[in-house]
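A short write-up of the structure that comes next.
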Amino acid sequence: MPRLAHREVMLALAREAEARLGGALLPSEVPAEVTCFGDGAALGSVDVRRGAPGSSIDFMLEAWFHRILPTGIAIDITSLIIFLNGTTDALHFLMELIQGGPASLVVLLDLFPRRDLPLHPDYIDKYYGATGADDHRRSIARVPEVRPYVSPSLLVRSLWSPTAVVVDVQCGEKNGAVLEEIVVGQVATSAMAVLGVWLEHCAGSIVEMETAERESLVARDKMISTTSVKLNLSANLPKMFENDVSDRVVAEINKAFLGL
């Protein structure tokens with residue numbers, strides 16, 4: 001597997017989350033053919049750790065996918081996703097880094113809201129205003145090579161929080177070393193800081209809710225998860241891997257997101 005700076009960032013964040021969450025995470029039960037798969041042109045890995053009984057963690061998913069196109073250009077996708085369960089309405093953590101060339105990278109980094117924000121201004125104050133989450137978005141936005149990224153999906157665009165980092169890093173004619181400097185510098189720093197906010201204010205949260213309210217929250221999570229798997233993984237993995245491989249990987253990810 002070629003070394004990639006953004007994959008190293010994801011692994012560093014995952015190790016930090018594991019260290020801080022400790023016994024709240026169960027050991028991985030993902031089969032070996034999913035934790036490492038592919039051939040020379042297409043490689044990947046998916047690992048999932050469930051939350052322990054009594055914790056607020058639903059699951060933590062680490063994934064990376066690498067594909068060399070016929071043109072010789074490589075597509076690399078790295079993800080770290082940590083979802084909470086129905087014991088709390090606190091935010092999910094999501095990071096996805098998509099490199100489509102030696103000098104370009106899409107960065108998606110968010111503390112994912114689980115309430116309809118206009119209806120819950122106190123929720124915005126608690127998890128976004130009081131935690132300084134927007135500072136990290138502004139820090140990345142100040143990097144000269146950073147531009148806003150607009151997802152082609154209207155639904156996906158409606159789900160981000162107001163503090164989400166949704167940007168396209170374009171280094172133009174500069175070589176890949178410039179992109180790597182940005183990734184190991186500002187992107188890594190901001191991502192670790194956002195994870196720190198999540199670990200401090202969300203990971204151990206337990207919130208009292210009425211049964212109907214809790215069921216509505218879980219149903220909302222499930223709807224978003226179903227949509228995410230359908231739009232991103234089920235549609236795109238068959239383009240990167242053989243059908244039998246992508247089917248195994250999507251099935252394992254479905255177990256995490258949809259509780260199958």
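By convention in this document, the chains of the structure tokens carry letters A, B, ... by their order, each chain's residues are numbered from 1, and ligands are numbered from 1 in the order they are shown.
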At most 12 Å is the cut-off: for each residue in region 1-30 of chain A with any atom that close to an atom of region 200-208 of chain A, write down the nearest atom pair and the distance in Å rounded to one decimal, counting only C-alpha atoms, chain first then increasing number, as JSON lines.
{"residue": "A:Ala17", "atom": "CA", "partner": "A:Ala203", "partner_atom": "CA", "distance": 9.6}
{"residue": "A:Glu18", "atom": "CA", "partner": "A:Ala203", "partner_atom": "CA", "distance": 11.5}
{"residue": "A:Arg20", "atom": "CA", "partner": "A:Ala203", "partner_atom": "CA", "distance": 9.4}
{"residue": "A:Leu21", "atom": "CA", "partner": "A:Ala203", "partner_atom": "CA", "distance": 7.8}
{"residue": "A:Gly22", "atom": "CA", "partner": "A:Ala203", "partner_atom": "CA", "distance": 11.4}
{"residue": "A:Gly23", "atom": "CA", "partner": "A:Gly204", "partner_atom": "CA", "distance": 11.8}
{"residue": "A:Ala24", "atom": "CA", "partner": "A:Gly204", "partner_atom": "CA", "distance": 9.1}
{"residue": "A:Leu25", "atom": "CA", "partner": "A:Ala203", "partner_atom": "CA", "distance": 11.3}
Inset, instruction - Apply DSSP to the backbone of this structure and, from region 94-215 of chain A, keep only the residues in strand (DSSP E or B); write these as a VMD selection string. - result: chain A and resid 94 to 101 104 to 112 146 to 148 165 to 170
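Restricting the calculation to only C-alpha atoms, the smallest distance between Ala130 (chain A) and any of A:Ile224, A:Ala52, A:Val197, A:Ala219 is found for A:Val197.
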Inset, instruction - State, in Å with one decimal place, the distance from CA of Val245 (chain A) to CA of Leu80 (chain A). - result: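 For CA of Val245 (chain A) relative to CA of Leu80 (chain A), the distance reads 20.5 Å.
Neighbours of Asp221 (chain A) closer than or equal to 9 Å, with only C-alpha atoms counted and sequence neighbours fewer than 3 positions away skipped, come out as Asn85, Arg114, Ser216, Leu217, Val218, Ile224, Ser225, Thr226 and Phe257 of chain A.
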Take the residues just selected and output them with N, CA, C and O atoms as an mmCIF file, in the first residue's frame.
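That gives us selection-v8.cif:
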data_model
loop_
_atom_site.group_PDB
_atom_site.id
_atom_site.type_symbol
_atom_site.label_atom_id
_atom_site.label_comp_id
_atom_site.auth_asym_id
_atom_site.auth_seq_id
_atom_site.Cartn_x
_atom_site.Cartn_y
_atom_site.Cartn_z
ATOM 1 N N ASN A 85 -25.151 6.010 20.100
ATOM 2 C CA ASN A 85 -26.427 5.296 20.082
ATOM 3 C C ASN A 85 -27.539 6.134 20.718
ATOM 4 O O ASN A 85 -27.370 7.332 20.967
ATOM 5 N N ARG A 114 -27.622 15.589 15.300
ATOM 6 C CA ARG A 114 -28.651 14.561 15.401
ATOM 7 C C ARG A 114 -30.018 15.161 15.730
ATOM 8 O O ARG A 114 -30.974 14.421 15.985
ATOM 9 N N SER A 216 -37.535 8.444 17.957
ATOM 10 C CA SER A 216 -37.458 9.359 16.821
ATOM 11 C C SER A 216 -36.007 9.659 16.464
ATOM 12 O O SER A 216 -35.636 9.713 15.282
ATOM 13 N N LEU A 217 -35.168 9.848 17.480
ATOM 14 C CA LEU A 217 -33.753 10.127 17.258
ATOM 15 C C LEU A 217 -33.071 8.948 16.563
ATOM 16 O O LEU A 217 -32.322 9.121 15.595
ATOM 17 N N VAL A 218 -33.344 7.729 17.059
ATOM 18 C CA VAL A 218 -32.738 6.533 16.473
ATOM 19 C C VAL A 218 -33.224 6.328 15.043
ATOM 20 O O VAL A 218 -32.445 5.957 14.149
ATOM 21 N N ILE A 224 -30.550 8.439 7.942
ATOM 22 C CA ILE A 224 -29.340 9.073 7.422
ATOM 23 C C ILE A 224 -28.299 8.013 7.076
ATOM 24 O O ILE A 224 -27.622 8.092 6.040
ATOM 25 N N SER A 225 -28.162 6.992 7.924
ATOM 26 C CA SER A 225 -27.202 5.914 7.665
ATOM 27 C C SER A 225 -27.551 5.166 6.389
ATOM 28 O O SER A 225 -26.676 4.875 5.566
ATOM 29 N N THR A 226 -28.828 4.831 6.223
ATOM 30 C CA THR A 226 -29.268 4.126 5.025
ATOM 31 C C THR A 226 -28.948 4.923 3.776
ATOM 32 O O THR A 226 -28.444 4.394 2.778
ATOM 33 N N PHE A 257 -23.644 0.423 10.215
ATOM 34 C CA PHE A 257 -24.537 1.563 10.078
ATOM 35 C C PHE A 257 -25.992 1.207 10.377
ATOM 36 O O PHE A 257 -26.730 2.010 10.960
#
Legend entry - Distance query Ala188 (chain A) at most 10 Å, only C-alpha atoms, self and fewer than 5 positions along chain excluded, as a VMD selection string: chain A and resid 5 to 6 8 to 10 12 to 13 181 to 183 193 to 194
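Across the structure, CA of Arg248 (chain A) and CA of Lys222 (chain A) are spaced 20.6 Å apart.
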Inset, instruction - Determine the nearest neighbour of Thr78 (chain A) from the options A:Leu111, A:Met223, A:Met95, A:Ala90, counting only C-alpha atoms. - result: A:Met95
Inset, instruction - Select, from A:Ser56, A:Ser246, A:Thr189, A:Ser45, the residue with the minimum atom-to-atom distance to Leu91 (chain A), counting only C-alpha atoms. - result: A:Ser56
Legend entry - 12 Å contact set for Ile75 (chain A), only C-alpha atoms, chain neighbours under 4 positions out, as a ChimeraX atom specification: /A:2,4,41-44,64-71,97-106,236-237,239-240
